[in-house]
Every structure is written in C-alpha cells, then in structure tokens.
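**Q** Below you'll find work.cif; it's mmCIF, C-alpha atoms.
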```
data_my_file
#
loop_
_atom_site.label_atom_id
_atom_site.label_comp_id
_atom_site.auth_asym_id
_atom_site.auth_seq_id
_atom_site.Cartn_x
_atom_site.Cartn_y
_atom_site.Cartn_z
CA MET A 1 15.34 -26.26 13.98
CA ASN A 2 18.69 -26.11 15.79
CA LEU A 3 20.02 -23.46 13.41
CA TYR A 4 16.91 -21.34 13.92
CA LYS A 5 17.42 -21.65 17.67
CA ALA A 6 21.04 -20.58 17.24
CA GLY A 7 19.75 -17.56 15.35
CA GLY A 8 17.48 -16.56 18.23
CA ILE A 9 14.15 -18.08 17.17
CA SER A 10 12.12 -19.58 20.03
CA ASP A 11 10.12 -22.82 19.78
CA GLU A 12 6.85 -20.87 19.93
CA VAL A 13 7.73 -18.63 16.98
CA TYR A 14 9.28 -21.45 14.94
CA TYR A 15 6.32 -23.83 15.13
CA TYR A 16 3.78 -21.04 14.66
CA CYS A 17 5.53 -19.92 11.45
CA GLU A 18 6.06 -23.43 10.12
CA ASP A 19 2.36 -24.15 10.50
CA ARG A 20 1.49 -21.10 8.35
CA LEU A 21 4.03 -22.11 5.74
CA GLU A 22 2.35 -25.48 5.16
CA ARG A 23 -0.75 -23.68 3.89
CA LEU A 24 1.11 -21.73 1.21
CA LYS A 25 2.44 -24.50 -1.02
CA SER A 26 -0.03 -24.00 -3.88
CA ARG A 27 0.49 -20.23 -3.83
CA PHE A 28 4.26 -20.74 -3.97
CA GLU A 29 3.82 -23.00 -7.00
CA GLU A 30 1.97 -20.22 -8.85
CA ILE A 31 4.72 -17.73 -7.98
CA ASP A 32 7.28 -20.16 -9.40
CA ARG A 33 5.23 -20.55 -12.59
CA ILE A 34 5.17 -16.79 -13.17
CA SER A 35 8.88 -16.62 -12.42
CA GLU A 36 9.55 -19.23 -15.11
CA VAL A 37 7.61 -17.20 -17.69
CA ASN A 38 9.55 -14.05 -16.86
CA GLN A 39 12.88 -15.88 -16.75
CA LEU A 40 12.33 -17.10 -20.31
CA LYS A 41 11.28 -13.60 -21.37
CA VAL A 42 14.58 -12.18 -20.07
CA LEU A 43 16.66 -15.03 -21.48
CA LEU A 44 15.13 -14.78 -24.95
CA ALA A 45 15.64 -10.99 -25.02
CA MET A 46 19.32 -11.48 -24.20
CA GLN A 47 19.66 -14.13 -26.91
CA LYS A 48 17.81 -12.03 -29.48
CA ASN A 49 20.30 -9.20 -28.98
CA ASN A 50 23.34 -11.49 -29.17
CA LEU A 51 24.55 -10.62 -25.69
CA SER A 52 28.27 -11.29 -25.52
CA GLU A 53 31.09 -11.11 -22.98
CA ARG A 54 32.36 -8.00 -24.73
CA HIS A 55 29.23 -6.16 -23.60
CA PHE A 56 30.45 -6.39 -20.00
CA GLN A 57 33.28 -3.97 -20.75
CA SER A 58 33.35 -0.52 -19.18
CA SER A 59 33.56 2.94 -20.68
CA THR A 60 34.64 6.32 -19.32
CA GLY A 61 34.38 9.96 -20.25
CA TYR A 62 31.67 10.68 -22.77
CA GLY A 63 30.87 7.00 -23.15
CA TYR A 64 30.70 7.09 -26.94
CA ASN A 65 30.33 3.67 -28.57
CA ASP A 66 29.45 1.87 -25.34
CA ASP A 67 28.01 -1.27 -26.90
CA GLY A 68 27.14 -2.84 -23.54
CA ARG A 69 25.09 0.17 -22.48
CA ASP A 70 23.23 0.15 -25.79
CA ILE A 71 22.56 -3.61 -25.63
CA ILE A 72 21.13 -3.26 -22.11
CA GLU A 73 18.63 -0.69 -23.37
CA LYS A 74 17.65 -2.88 -26.33
CA ILE A 75 17.12 -5.84 -23.99
CA TYR A 76 14.90 -3.76 -21.67
CA ALA A 77 12.87 -2.53 -24.65
CA ASP A 78 12.34 -6.13 -25.78
CA ILE A 79 11.35 -7.35 -22.30
CA PHE A 80 8.85 -4.50 -21.88
CA HIS A 81 7.75 -4.65 -25.55
CA THR A 82 8.43 -0.95 -26.05
CA GLU A 83 9.97 1.11 -28.82
CA ASP A 84 12.89 2.31 -26.70
CA ALA A 85 14.38 2.31 -23.22
CA LEU A 86 16.76 4.36 -21.09
CA VAL A 87 18.72 2.34 -18.50
CA ARG A 88 21.53 4.23 -16.78
CA PRO A 89 23.61 4.30 -13.60
CA HIS A 90 23.27 8.09 -13.68
CA ILE A 91 19.64 7.69 -12.56
CA THR A 92 20.08 7.65 -8.80
CA CYS A 93 16.75 6.16 -7.68
CA GLY A 94 13.15 5.51 -8.68
CA THR A 95 12.09 9.03 -7.73
CA HIS A 96 14.82 10.43 -9.98
CA ALA A 97 13.66 8.23 -12.87
CA LEU A 98 10.09 9.45 -12.43
CA THR A 99 11.29 13.06 -12.28
CA LEU A 100 13.22 12.68 -15.54
CA ALA A 101 10.23 11.12 -17.27
CA LEU A 102 7.88 13.84 -16.07
CA PHE A 103 10.14 16.88 -16.54
CA GLY A 104 11.06 15.56 -19.97
CA ASN A 105 7.47 15.32 -21.14
CA LEU A 106 5.76 18.23 -19.34
CA ARG A 107 6.03 21.89 -20.31
CA PRO A 108 4.97 25.12 -18.57
CA GLY A 109 1.19 25.37 -18.75
CA ASP A 110 0.70 21.59 -18.81
CA GLU A 111 -1.08 19.68 -16.08
CA LEU A 112 -0.17 16.40 -14.40
CA LEU A 113 -3.02 14.20 -13.21
CA SER A 114 -2.88 11.35 -10.69
CA PRO A 115 -6.08 9.30 -11.01
CA VAL A 116 -5.10 7.03 -8.08
CA GLY A 117 -4.93 9.49 -5.21
CA LYS A 118 -1.89 10.89 -3.45
CA PRO A 119 1.48 9.83 -4.87
CA TYR A 120 4.40 8.42 -2.90
CA ASP A 121 5.83 10.81 -0.29
CA THR A 122 9.04 11.62 -2.18
CA MET A 123 7.02 12.86 -5.19
CA GLU A 124 5.26 15.55 -3.17
CA GLU A 125 8.17 18.00 -3.22
CA ILE A 126 8.80 17.35 -6.92
CA ILE A 127 5.19 18.09 -7.80
CA GLY A 128 4.99 21.02 -5.38
CA ILE A 129 2.39 19.57 -3.01
CA ARG A 130 4.99 20.39 -0.38
CA GLU A 131 6.91 23.54 -1.22
CA GLN A 132 10.37 22.93 -2.61
CA GLU A 133 12.72 24.81 -4.93
CA GLY A 134 12.75 23.37 -8.44
CA SER A 135 9.30 21.75 -8.22
CA PHE A 136 6.80 21.58 -11.08
CA ALA A 137 4.93 24.45 -9.43
CA GLU A 138 7.93 26.74 -10.02
CA TYR A 139 7.80 25.90 -13.71
CA GLY A 140 4.09 26.60 -14.05
CA ILE A 141 3.13 22.94 -14.30
CA THR A 142 -0.09 22.32 -12.40
CA TYR A 143 -1.26 19.17 -10.67
CA LYS A 144 -4.56 17.46 -9.94
CA GLN A 145 -5.42 14.21 -8.24
CA VAL A 146 -8.56 12.12 -8.12
CA GLU A 147 -9.11 10.02 -5.03
CA LEU A 148 -9.95 6.35 -5.28
CA LYS A 149 -13.39 5.17 -4.24
CA SER A 150 -13.81 3.76 -0.74
CA ASP A 151 -13.42 0.22 -2.11
CA GLY A 152 -10.10 1.09 -3.76
CA SER A 153 -11.49 1.23 -7.31
CA PHE A 154 -11.04 4.05 -9.84
CA ASP A 155 -13.55 6.91 -9.79
CA LEU A 156 -14.04 7.07 -13.55
CA ASP A 157 -16.62 9.87 -13.46
CA ALA A 158 -14.31 12.10 -11.40
CA ILE A 159 -11.34 11.24 -13.63
CA LYS A 160 -13.30 12.22 -16.73
CA LYS A 161 -14.21 15.55 -15.12
CA ALA A 162 -10.62 16.19 -14.07
CA ILE A 163 -9.19 15.73 -17.57
CA ASN A 164 -9.07 19.02 -19.46
CA LYS A 165 -7.21 20.63 -22.34
CA LYS A 166 -4.14 21.22 -20.13
CA THR A 167 -3.86 17.58 -19.01
CA LYS A 168 -0.66 16.28 -20.60
CA VAL A 169 0.47 13.34 -18.46
CA VAL A 170 -1.45 10.88 -16.32
CA MET A 171 0.74 9.30 -13.62
CA ILE A 172 -0.40 5.89 -12.36
CA GLN A 173 1.38 4.60 -9.28
CA ARG A 174 1.15 0.82 -9.40
CA SER A 175 2.27 0.12 -5.84
CA LYS A 176 0.51 1.30 -2.69
CA GLY A 177 3.50 3.25 -1.36
CA TYR A 178 2.88 4.39 2.22
CA ASP A 179 -0.85 3.99 1.79
CA SER A 180 -3.43 1.38 2.74
CA ARG A 181 -4.96 1.03 -0.72
CA PRO A 182 -4.49 -2.09 -2.85
CA SER A 183 -1.72 -2.21 -5.42
CA PHE A 184 -3.01 -2.42 -8.98
CA SER A 185 -2.81 -5.36 -11.34
CA VAL A 186 -1.61 -4.90 -14.89
CA ALA A 187 -5.15 -5.64 -16.07
CA GLN A 188 -6.58 -2.87 -13.87
CA ILE A 189 -3.94 -0.44 -15.13
CA GLY A 190 -4.79 -1.39 -18.70
CA GLU A 191 -8.48 -0.67 -18.12
CA LEU A 192 -7.65 2.72 -16.61
CA ILE A 193 -5.34 3.64 -19.49
CA SER A 194 -7.98 2.63 -22.02
CA PHE A 195 -10.55 4.83 -20.27
CA VAL A 196 -8.21 7.83 -20.00
CA LYS A 197 -7.31 7.65 -23.70
CA SER A 198 -10.97 7.35 -24.64
CA VAL A 199 -11.46 10.74 -22.99
CA LYS A 200 -8.31 12.35 -24.43
CA PRO A 201 -6.29 10.15 -26.85
CA ASP A 202 -3.10 12.24 -26.82
CA ILE A 203 -2.54 11.99 -23.05
CA ILE A 204 0.74 10.37 -22.07
CA CYS A 205 0.12 7.57 -19.58
CA MET A 206 3.13 6.96 -17.34
CA VAL A 207 3.18 4.06 -14.87
CA ASP A 208 5.34 4.18 -11.76
CA ASN A 209 6.27 0.51 -11.97
CA CYS A 210 8.46 0.39 -8.85
CA TYR A 211 8.15 -2.91 -6.95
CA GLY A 212 5.91 -4.38 -9.66
CA GLU A 213 8.30 -5.73 -12.30
CA PHE A 214 8.12 -9.52 -12.90
CA THR A 215 5.32 -10.08 -10.38
CA GLU A 216 2.97 -10.87 -13.27
CA GLU A 217 3.45 -12.36 -16.73
CA ILE A 218 3.07 -8.96 -18.44
CA GLU A 219 4.00 -5.35 -17.69
CA PRO A 220 1.95 -2.13 -17.95
CA SER A 221 3.62 -1.37 -21.29
CA ASP A 222 1.82 -4.43 -22.65
CA VAL A 223 -1.56 -2.81 -21.93
CA GLY A 224 -1.05 0.68 -23.32
CA ALA A 225 1.33 2.54 -20.98
CA ASP A 226 3.39 5.09 -22.89
CA MET A 227 6.14 4.88 -20.25
CA CYS A 228 7.05 2.37 -17.54
CA VAL A 229 9.46 3.75 -14.97
CA GLY A 230 11.37 2.09 -12.15
CA SER A 231 14.50 1.62 -10.07
CA LEU A 232 17.27 -0.93 -10.56
CA ILE A 233 17.83 -1.35 -6.83
CA LYS A 234 14.35 -2.83 -6.73
CA ASN A 235 13.04 -5.79 -8.76
CA PRO A 236 14.82 -5.51 -12.14
CA GLY A 237 18.30 -5.14 -10.64
CA GLY A 238 18.07 -8.59 -9.09
CA GLY A 239 20.02 -7.51 -6.02
CA LEU A 240 23.21 -6.96 -8.06
CA ALA A 241 22.69 -3.56 -9.71
CA PRO A 242 24.53 -1.05 -7.48
CA ILE A 243 22.49 1.95 -8.66
CA GLY A 244 20.33 2.99 -11.58
CA GLY A 245 16.87 3.37 -13.01
CA TYR A 246 14.99 2.77 -16.24
CA ILE A 247 12.37 4.36 -18.46
CA ALA A 248 10.86 2.06 -21.11
CA GLY A 249 8.31 3.36 -23.57
CA LYS A 250 7.59 5.20 -26.78
CA THR A 251 10.60 6.63 -28.59
CA SER A 252 9.36 10.22 -28.26
CA CYS A 253 8.75 9.91 -24.51
CA VAL A 254 12.11 8.26 -23.84
CA ARG A 255 13.93 10.81 -25.99
CA ASN A 256 12.37 13.69 -24.05
CA ALA A 257 13.47 12.07 -20.78
CA VAL A 258 17.00 11.53 -22.09
CA TYR A 259 17.28 15.24 -22.87
CA ARG A 260 16.71 15.95 -19.19
CA LEU A 261 19.32 13.38 -18.15
CA THR A 262 22.02 14.65 -20.53
CA ALA A 263 21.16 17.69 -22.66
CA PRO A 264 18.97 18.58 -25.65
CA GLY A 265 20.68 17.37 -28.79
CA LEU A 266 23.06 15.03 -26.97
CA GLY A 267 20.59 12.37 -25.88
CA LYS A 268 21.56 8.72 -25.49
CA GLU A 269 24.97 9.02 -27.16
CA LEU A 270 26.49 10.23 -23.89
CA GLY A 271 26.81 8.43 -20.58
CA ALA A 272 29.72 6.21 -19.64
CA SER A 273 28.76 2.90 -18.03
CA LEU A 274 31.68 3.06 -15.53
CA GLY A 275 31.88 -0.70 -15.06
CA VAL A 276 28.25 -1.53 -14.16
CA ASN A 277 27.22 -3.34 -17.34
CA ARG A 278 27.92 -6.82 -15.98
CA SER A 279 26.01 -6.10 -12.74
CA PHE A 280 23.06 -4.64 -14.65
CA LEU A 281 22.87 -7.64 -16.98
CA GLN A 282 23.50 -10.38 -14.43
CA GLY A 283 21.07 -8.74 -12.01
CA LEU A 284 18.42 -8.55 -14.74
CA PHE A 285 18.99 -12.23 -15.53
CA LEU A 286 18.41 -13.15 -11.86
CA ALA A 287 15.55 -10.68 -11.37
CA PRO A 288 12.61 -13.04 -12.06
CA THR A 289 13.76 -15.59 -9.45
CA VAL A 290 14.77 -12.90 -6.96
CA THR A 291 11.36 -11.26 -7.37
CA ALA A 292 9.75 -14.66 -6.78
CA SER A 293 11.65 -14.96 -3.48
CA ALA A 294 10.39 -11.52 -2.45
CA LEU A 295 6.81 -12.47 -3.36
CA LYS A 296 7.04 -15.63 -1.25
CA ALA A 297 8.33 -13.56 1.65
CA ALA A 298 5.44 -11.08 1.33
CA LEU A 299 2.89 -13.89 1.21
CA PHE A 300 4.47 -15.59 4.22
CA ALA A 301 4.43 -12.34 6.21
CA ALA A 302 0.75 -11.81 5.36
CA SER A 303 -0.11 -15.30 6.59
CA VAL A 304 1.92 -14.97 9.81
CA TYR A 305 0.51 -11.60 10.84
CA SER A 306 -3.05 -12.05 9.58
CA ASP A 307 -3.48 -15.06 11.85
CA LEU A 308 -2.31 -12.92 14.76
CA GLY A 309 -5.24 -10.59 14.15
CA PHE A 310 -3.45 -7.80 12.28
CA LYS A 311 -4.78 -6.29 9.08
CA THR A 312 -2.51 -7.15 6.18
CA ILE A 313 -2.58 -5.50 2.75
CA PRO A 314 -2.88 -7.57 0.67
CA GLY A 315 -4.33 -10.39 2.73
CA PRO A 316 -2.89 -13.91 2.53
CA ASP A 317 -5.62 -15.03 0.11
CA GLU A 318 -5.51 -12.02 -2.21
CA SER A 319 -3.71 -11.71 -5.53
CA ARG A 320 -0.35 -9.91 -5.62
CA HIS A 321 0.84 -7.27 -8.05
CA ASP A 322 3.97 -5.97 -6.32
CA ILE A 323 6.42 -7.19 -3.68
CA ILE A 324 5.26 -4.87 -0.89
CA GLN A 325 3.44 -6.28 2.11
CA ALA A 326 1.76 -3.88 4.52
CA VAL A 327 1.05 -4.95 8.10
CA VAL A 328 -1.09 -2.57 10.16
CA LEU A 329 0.44 -2.79 13.65
CA GLU A 330 -1.68 -0.07 15.34
CA LYS A 331 0.99 0.98 17.85
CA ALA A 332 4.30 2.81 17.38
CA GLU A 333 6.18 0.37 19.63
CA ARG A 334 5.05 -2.57 17.48
CA LEU A 335 6.22 -0.85 14.29
CA ILE A 336 9.59 -0.11 15.85
CA SER A 337 9.92 -3.66 17.18
CA PHE A 338 8.93 -5.17 13.81
CA CYS A 339 11.64 -3.19 12.01
CA ARG A 340 14.24 -4.02 14.63
CA GLY A 341 13.45 -7.71 14.18
CA ILE A 342 13.87 -7.44 10.41
CA GLN A 343 17.24 -5.78 10.98
CA LYS A 344 18.30 -8.66 13.24
CA GLY A 345 17.54 -11.04 10.38
CA ALA A 346 19.69 -9.20 7.82
CA PRO A 347 23.08 -10.42 6.55
CA VAL A 348 24.58 -6.92 6.85
CA ASP A 349 24.47 -4.70 9.98
CA SER A 350 22.35 -7.24 11.86
CA TYR A 351 23.76 -5.84 15.13
CA VAL A 352 22.47 -2.32 14.41
CA THR A 353 19.32 -1.03 16.15
CA PRO A 354 17.10 1.05 13.81
CA GLU A 355 15.69 4.31 15.20
CA PRO A 356 13.01 6.63 13.74
CA TRP A 357 14.57 9.67 12.03
CA ASP A 358 13.80 12.64 9.80
CA MET A 359 14.47 11.00 6.45
CA PRO A 360 14.92 13.38 3.45
CA GLY A 361 11.79 13.66 1.32
CA TYR A 362 9.37 12.47 4.03
CA GLU A 363 6.98 14.52 6.15
CA ASP A 364 6.98 12.20 9.21
CA LYS A 365 9.77 10.43 11.02
CA VAL A 366 10.51 7.08 9.37
CA ILE A 367 11.98 3.92 10.84
CA MET A 368 13.82 1.76 8.37
CA ALA A 369 15.41 -1.67 8.62
CA ALA A 370 17.80 -2.24 5.74
CA GLY A 371 20.73 -4.57 6.27
CA SER A 372 21.58 -4.79 2.58
CA PHE A 373 24.60 -5.35 0.35
CA ILE A 374 23.48 -2.40 -1.81
CA SER A 375 22.61 0.64 0.28
CA GLY A 376 18.86 1.26 0.23
CA ALA A 377 18.14 -1.68 -2.08
CA SER A 378 14.57 -2.57 -1.26
CA ILE A 379 14.68 -5.77 -3.32
CA GLU A 380 16.77 -7.00 -0.39
CA LEU A 381 15.29 -7.85 3.00
CA SER A 382 13.94 -4.54 4.28
CA ALA A 383 11.06 -2.92 6.16
CA ASP A 384 10.10 0.62 6.92
CA GLY A 385 7.21 2.81 7.87
CA PRO A 386 6.33 6.38 8.87
CA LEU A 387 5.70 7.01 12.56
CA ARG A 388 2.07 7.98 12.13
CA PRO A 389 -1.25 6.17 12.72
CA PRO A 390 -2.14 3.41 11.98
CA TYR A 391 1.58 2.56 12.35
CA THR A 392 1.88 0.35 9.32
CA ALA A 393 5.01 -1.65 8.55
CA PHE A 394 5.84 -1.94 4.87
CA PHE A 395 7.85 -5.08 4.29
CA GLN A 396 9.54 -5.91 1.00
CA GLY A 397 12.33 -7.86 -0.55
CA GLY A 398 14.45 -10.90 0.09
CA ILE A 399 16.96 -11.89 -2.58
CA THR A 400 16.69 -15.47 -1.32
CA TRP A 401 13.51 -16.98 0.11
CA PRO A 402 15.19 -18.78 3.08
CA SER A 403 16.89 -15.60 4.31
CA ALA A 404 13.69 -13.59 3.94
CA LYS A 405 11.78 -16.26 5.86
CA PHE A 406 14.26 -15.95 8.73
CA GLY A 407 13.91 -12.16 8.74
CA ILE A 408 10.13 -12.34 9.02
CA MET A 409 10.43 -14.83 11.85
CA MET A 410 12.83 -12.45 13.62
CA SER A 411 10.31 -9.60 13.30
CA LEU A 412 7.77 -11.73 15.13
CA GLN A 413 10.36 -12.92 17.64
CA ASP A 414 11.25 -9.34 18.63
CA MET A 415 7.61 -8.42 19.25
CA TYR A 416 6.99 -11.69 21.09
CA GLU A 417 9.95 -11.17 23.42
CA ASN A 418 8.78 -7.62 24.17
CA GLY A 419 5.24 -8.73 25.02
CA LEU A 420 3.72 -6.93 22.04
CA VAL A 421 2.02 -10.01 20.55
CA THR A 422 0.59 -13.24 21.90
CA ILE A 423 1.13 -16.52 20.05
CA ASN A 424 -1.67 -19.03 20.55
#
```
Would you encode the structure as structure tokens?

**A**
Amino acid sequence: MNLYKAGGISDEVYYYCEDRLERLKSRFEEIDRISEVNQLKVLLAMQKNNLSERHFQSSTGYGYNDDGRDIIEKIYADIFHTEDALVRPHITCGTHALTLALFGNLRPGDELLSPVGKPYDTMEEIIGIREQEGSFAEYGITYKQVELKSDGSFDLDAIKKAINKKTKVVMIQRSKGYDSRPSFSVAQIGELISFVKSVKPDIICMVDNCYGEFTEEIEPSDVGADMCVGSLIKNPGGGLAPIGGYIAGKTSCVRNAVYRLTAPGLGKELGASLGVNRSFLQGLFLAPTVTASALKAALFAASVYSDLGFKTIPGPDESRHDIIQAVVLEKAERLISFCRGIQKGAPVDSYVTPEPWDMPGYEDKVIMAAGSFISGASIELSADGPLRPPYTAFFQGGITWPSAKFGIMMSLQDMYENGLVTIN
C-alpha cells in the first residue's frame, strides 16, 4: 500500500481496485491455463527445429544463408500449423503486413470483401475508402463490406449475396479495432470461413490476427484460414521484438506476399536479419506469458470501470479473444484524462502529458498514451482513442501484470482527482 501511495494512488482508488481484483481469481487461473498451453506450443516448436545459439547470429547485405531467419519462419509455421510463414523486420507494422498479404494475392479486376463491417482506420486509405495514392482502387481492385447484425453476429445471407465471381479475398478482422463490436473467437472465425468456402471454395480467407495471438489455445489457421497476419510489436513479439510482422499460411499465399516484400523471383532468399533474430526468438518464447499479463490487465480494467457504470467491451464476465479492452467514457475530457493516467503509470516518459493530434492514417484526432520501451508497441502498457463520440478508450497491453495493474489504477486516479468519476 505504501508503494502505491508513493506512486500517487489514493486510499479510495487503491481499496476500490483491490476489491474488484478479489473477484477475478478464477478468471486469472483460466488465463494462466491457456498461457501454459501456448507456452508449450512455442517451446516444442523451437525444440522440433533444433533452435541453437548459432541462430541468433546476424546477417547483412542480401542476407543469403541466414539460418536464424529461416528457423524463425519454420517455428512460426509450426506454431500456427501452416505450410509456410514470412517473419521479417522489413515489415514495419501490422498494417504493412496486411498490405503485403493483400497486394500479393489480389490482381486488377479482383474484389476484396470484408464480411465483418468496416476495417481498422489505417486500412481505409490502402483499400481506397479514403482516397490515397497507391490504394487498391488505383489498381482496379474493388471492395465490398457486409455489416454485422445488430447483435454483432455475421449476416450470412448478405455475405452470400455479396460474394461473386470477382471475389478473391475475404478479410476477417479478428479484433474490434476502433469499433464497439465484439472481437471474434477462433471458433466464430472458423464457422465464418467454413460458410464462405461453402459459397465459393477458391476464396482466400485472410485473418487480421493483430492482438489475438495466444489469447486462445488455437489460432485462426487451425480452423481454415489461408493466411494469418499480424505485428511483432503486439502479442507475438513478447515486448522484445523491436519491429516486424508475420504472415503465416499456405505456401502459395505466403509466396505471393513475399514477392511484394522483395521482388518476383527473389522471394524469401533475400532479407538480412540485421541482428534481430535473438529478440524475435526470445520475444516469441515470452509471448504466451506476456499476452497473459495483458489479458489480466484487460479483465481488471473491465471490472474496475464496469462497476463505475461505464460500458465495457467486452464486459468483465464475457469471454476474451484479444487483448483489447474498450471503455466507453462518453465525454472527451474523460478519454483524455484516462489516457493521461495510463501515461503516468508507464515506465518510460511517465512525465509526458499526452495531447490529441492528427495521427497519420486516421480521420479524427487521436490521443495516445504509450510510454513503451519499443516505440508504438501496443503489447506494452498503452491506451488510445479517437476524439469522437462515444469517446471510447481502447486499452491494451502490459508486459508484466503488476505494472499494468498500476497503470489502470493511475487512469482511474487521474479521473478521480479531476472530478470526472465518483468512487462509492
């Protein structure tokens, strides 16, 4: 208690949060069980591929004969139970990974379909929903989306009508993004993929797996996804990967994506690792337990804010399929205060005051709290949200549970001190 006081936590906030924590013990035990399953999955994949200290070595230039790089991709393919994988530091973010996967597998005249409504904001300019040079629209690739039903379920009739002879790729975003819909379980994704392929068997089903890795015992590739795509500065990087992304899936799909990353005919043979192999591998090894810490933080935040009367997505009693926790704060000043509190709880730049700004790729001003060791790493303690109604804070991350707990408490402390919430 004294250390929390030294960190700026009042008695009212401390005891309120501790009371909520007592109710979560059984949920935390289930998170730990899933973490153990995934930890063994990662460990056995590393053992199967005879991971050795020599694989930590770096390469430069063309990167020919980079055994460490190749082993990493074999390990990812084994973890995701796929034919192949692309895991590179040259992939700058999750959006870049998705772009490579899509541009690699779509051709002029093809159509991309989202059966889960509007995609994440940064995908809008890539697709051409918002005009941007180099978008799919410029290449004659069209786009359709089918909205979810009011209860958040898939509109199968509308999806069937939307699929046509031009439909080449179906893009399923697992996480809610900046939306209020539920995130999807692997089982739900599997049912959707099965339905889509019953309508048109040759459709490529790509899952945007960002924020979802290791939150369940299986991944979308285990239920029929042709490609799983994500970022290494989220779950699978374990807080250690300094950059990077992955695409795991069928050999043909991965090969097409590689040709967009390097060049046709060159493929996976090129790409120096530049000293990141150890960080990629050690981060992957830690990823299941780091993801478990982030899940505990999300569950704790849902319990804390739900009992204060705020809508939380998911709620404290609902199942979880990614690490993102949405808290609908209803007022701009609450959203700003929430993010400033998260920043105060960070290990890096805790003294900085976040301000809303025009962030590249977003239509609205965004406020972002991110005091992280890796810039922009949302597996670390972070929160953000667009300055638009209903002023929802999207909280995620926490590479250790105790530090994430403190950050959530600081978010409440900041709002409490500013008279924006009342603690009973």

**Q** Find the nearest atom pair between each residue of stretch 219-259 of chain A and stretch 93-115 of chain A for residues within 10 Å, count only C-alpha atoms, give distances in Å to one decimal, sort rows by chain and ascending number, and present the table as CSV.

**A**
```
residue,atom,partner,partner_atom,distance
A:Met227,CA,A:Ala101,CA,8.0
A:Cys228,CA,A:Leu98,CA,9.2
A:Val229,CA,A:Leu98,CA,6.3
A:Gly230,CA,A:Gly94,CA,5.2
A:Ser231,CA,A:Gly94,CA,4.3
A:Leu232,CA,A:Cys93,CA,7.7
A:Ile233,CA,A:Cys93,CA,7.6
A:Lys234,CA,A:Gly94,CA,8.6
A:Ile243,CA,A:Cys93,CA,7.2
A:Gly244,CA,A:Cys93,CA,6.2
A:Gly245,CA,A:Ala97,CA,5.8
A:Tyr246,CA,A:Ala97,CA,6.6
A:Ile247,CA,A:Ala97,CA,6.9
A:Ala248,CA,A:Ala101,CA,9.9
A:Ser252,CA,A:Asn105,CA,9.0
A:Cys253,CA,A:Asn105,CA,6.5
A:Val254,CA,A:Ala101,CA,7.4
A:Arg255,CA,A:Gly104,CA,8.2
A:Asn256,CA,A:Gly104,CA,4.7
A:Ala257,CA,A:Gly104,CA,4.3
A:Val258,CA,A:Gly104,CA,7.5
A:Tyr259,CA,A:Gly104,CA,6.9
```

**Q** Which neighbours of A:His321 fall inside 9 Å, counting all atoms listed in the file, when residues of the same chain fewer than 4 positions from it are skipped, and could you give them as a list in words?

**A**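 That gives Arg174, Ser175, Ser183, Phe184, Ser185, Val186, Tyr211, Gly212, Glu213, Thr215 and Glu216 of chain A.
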
**Q** Let me make sure I understand: among A:Ile313, A:Met368, A:Ile189, A:Ala297, which one has the smallest atom-to-atom distance to A:Gly385 if we use only C-alpha atoms?

**A**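 Answer, going by the shortest atom-to-atom distance: A:Met368.
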
**Q** Nearest residue to A:Thr122 out of A:Val352, A:Met359, A:Ile379, A:Ala393, using all atoms listed in the file?

**A**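 Using all atoms listed in the file, A:Thr122 sits closest to A:Met359.
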
**Q** Can you pull out every residue within 6 Å of stretch 277-282 of chain A, counting all atoms listed in the file, but drop anything in the same chain fewer than 6 positions away, and send it as a ChimeraX atom specification?

**A** /A:56,240-241

**Q** My list of candidates is A:Glu30, A:Glu133, A:Glu217, A:Glu269. Which is closest to A:Gly63 when distances are computed with all atoms listed in the file?

**A**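 Counting all atoms listed in the file, the residue closest to A:Gly63 is A:Glu269.
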
**Q** Taking the file as shown, find all residues satisfying the PyMOL selection byres ((chain A and resi 387) around 8) and write them as a PDB file with C-alpha atoms, keeping the file's coordinate frame.

**A**
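The file below, result27.pdb, is the result:
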```
ATOM      1  CA  ALA A 332       4.300   2.810  17.380  1.00  0.00           C
ATOM      2  CA  PRO A 356      13.010   6.630  13.740  1.00  0.00           C
ATOM      3  CA  ASP A 364       6.980  12.200   9.210  1.00  0.00           C
ATOM      4  CA  LYS A 365       9.770  10.430  11.020  1.00  0.00           C
ATOM      5  CA  VAL A 366      10.510   7.080   9.370  1.00  0.00           C
ATOM      6  CA  ILE A 367      11.980   3.920  10.840  1.00  0.00           C
ATOM      7  CA  GLY A 385       7.210   2.810   7.870  1.00  0.00           C
ATOM      8  CA  PRO A 386       6.330   6.380   8.870  1.00  0.00           C
ATOM      9  CA  ARG A 388       2.070   7.980  12.130  1.00  0.00           C
ATOM     10  CA  PRO A 389      -1.250   6.170  12.720  1.00  0.00           C
ATOM     11  CA  TYR A 391       1.580   2.560  12.350  1.00  0.00           C
TER      12      TYR A 391
END
```

**Q** I want to know what sits within 12 Å of A:Gln396, based on all atoms listed in the file, with residues of the same chain fewer than 6 positions away left out; could you give that as a PyMOL selection string?

**A** chain A and resi 175+177+210-212+234-235+290-302+322-327+339+342+368-370+376-385+404-405+407-408

**Q** Those selected residues, please, written with C-alpha atoms and delivered as a compact mmCIF listing (two decimals), in the coordinates of the input.

**A**
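This is the output file again_14.txt:
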```txt
# COMPACT_ATOMS: atom_id res chain seq x y z
CA SER A 175 2.27 0.12 -5.84
CA GLY A 177 3.50 3.25 -1.36
CA CYS A 210 8.46 0.39 -8.85
CA TYR A 211 8.15 -2.91 -6.95
CA GLY A 212 5.91 -4.38 -9.66
CA LYS A 234 14.35 -2.83 -6.73
CA ASN A 235 13.04 -5.79 -8.76
CA VAL A 290 14.77 -12.90 -6.96
CA THR A 291 11.36 -11.26 -7.37
CA ALA A 292 9.75 -14.66 -6.78
CA SER A 293 11.65 -14.96 -3.48
CA ALA A 294 10.39 -11.52 -2.45
CA LEU A 295 6.81 -12.47 -3.36
CA LYS A 296 7.04 -15.63 -1.25
CA ALA A 297 8.33 -13.56 1.65
CA ALA A 298 5.44 -11.08 1.33
CA LEU A 299 2.89 -13.89 1.21
CA PHE A 300 4.47 -15.59 4.22
CA ALA A 301 4.43 -12.34 6.21
CA ALA A 302 0.75 -11.81 5.36
CA ASP A 322 3.97 -5.97 -6.32
CA ILE A 323 6.42 -7.19 -3.68
CA ILE A 324 5.26 -4.87 -0.89
CA GLN A 325 3.44 -6.28 2.11
CA ALA A 326 1.76 -3.88 4.52
CA VAL A 327 1.05 -4.95 8.10
CA CYS A 339 11.64 -3.19 12.01
CA ILE A 342 13.87 -7.44 10.41
CA MET A 368 13.82 1.76 8.37
CA ALA A 369 15.41 -1.67 8.62
CA ALA A 370 17.80 -2.24 5.74
CA GLY A 376 18.86 1.26 0.23
CA ALA A 377 18.14 -1.68 -2.08
CA SER A 378 14.57 -2.57 -1.26
CA ILE A 379 14.68 -5.77 -3.32
CA GLU A 380 16.77 -7.00 -0.39
CA LEU A 381 15.29 -7.85 3.00
CA SER A 382 13.94 -4.54 4.28
CA ALA A 383 11.06 -2.92 6.16
CA ASP A 384 10.10 0.62 6.92
CA GLY A 385 7.21 2.81 7.87
CA ALA A 404 13.69 -13.59 3.94
CA LYS A 405 11.78 -16.26 5.86
CA GLY A 407 13.91 -12.16 8.74
CA ILE A 408 10.13 -12.34 9.02
```

**Q** Identify which of the residues A:Met415, A:Ile204, A:Ile423, A:Leu43 lies closest to A:Leu308, counting only C-alpha atoms when measuring atom-to-atom distances.

**A** A:Ile423

**Q** Could you jot down the atom CA of A:Leu266 to atom CA of A:Lys74 separation for me, Å, one decimal place?

**A**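 So the answer is 18.7 Å.
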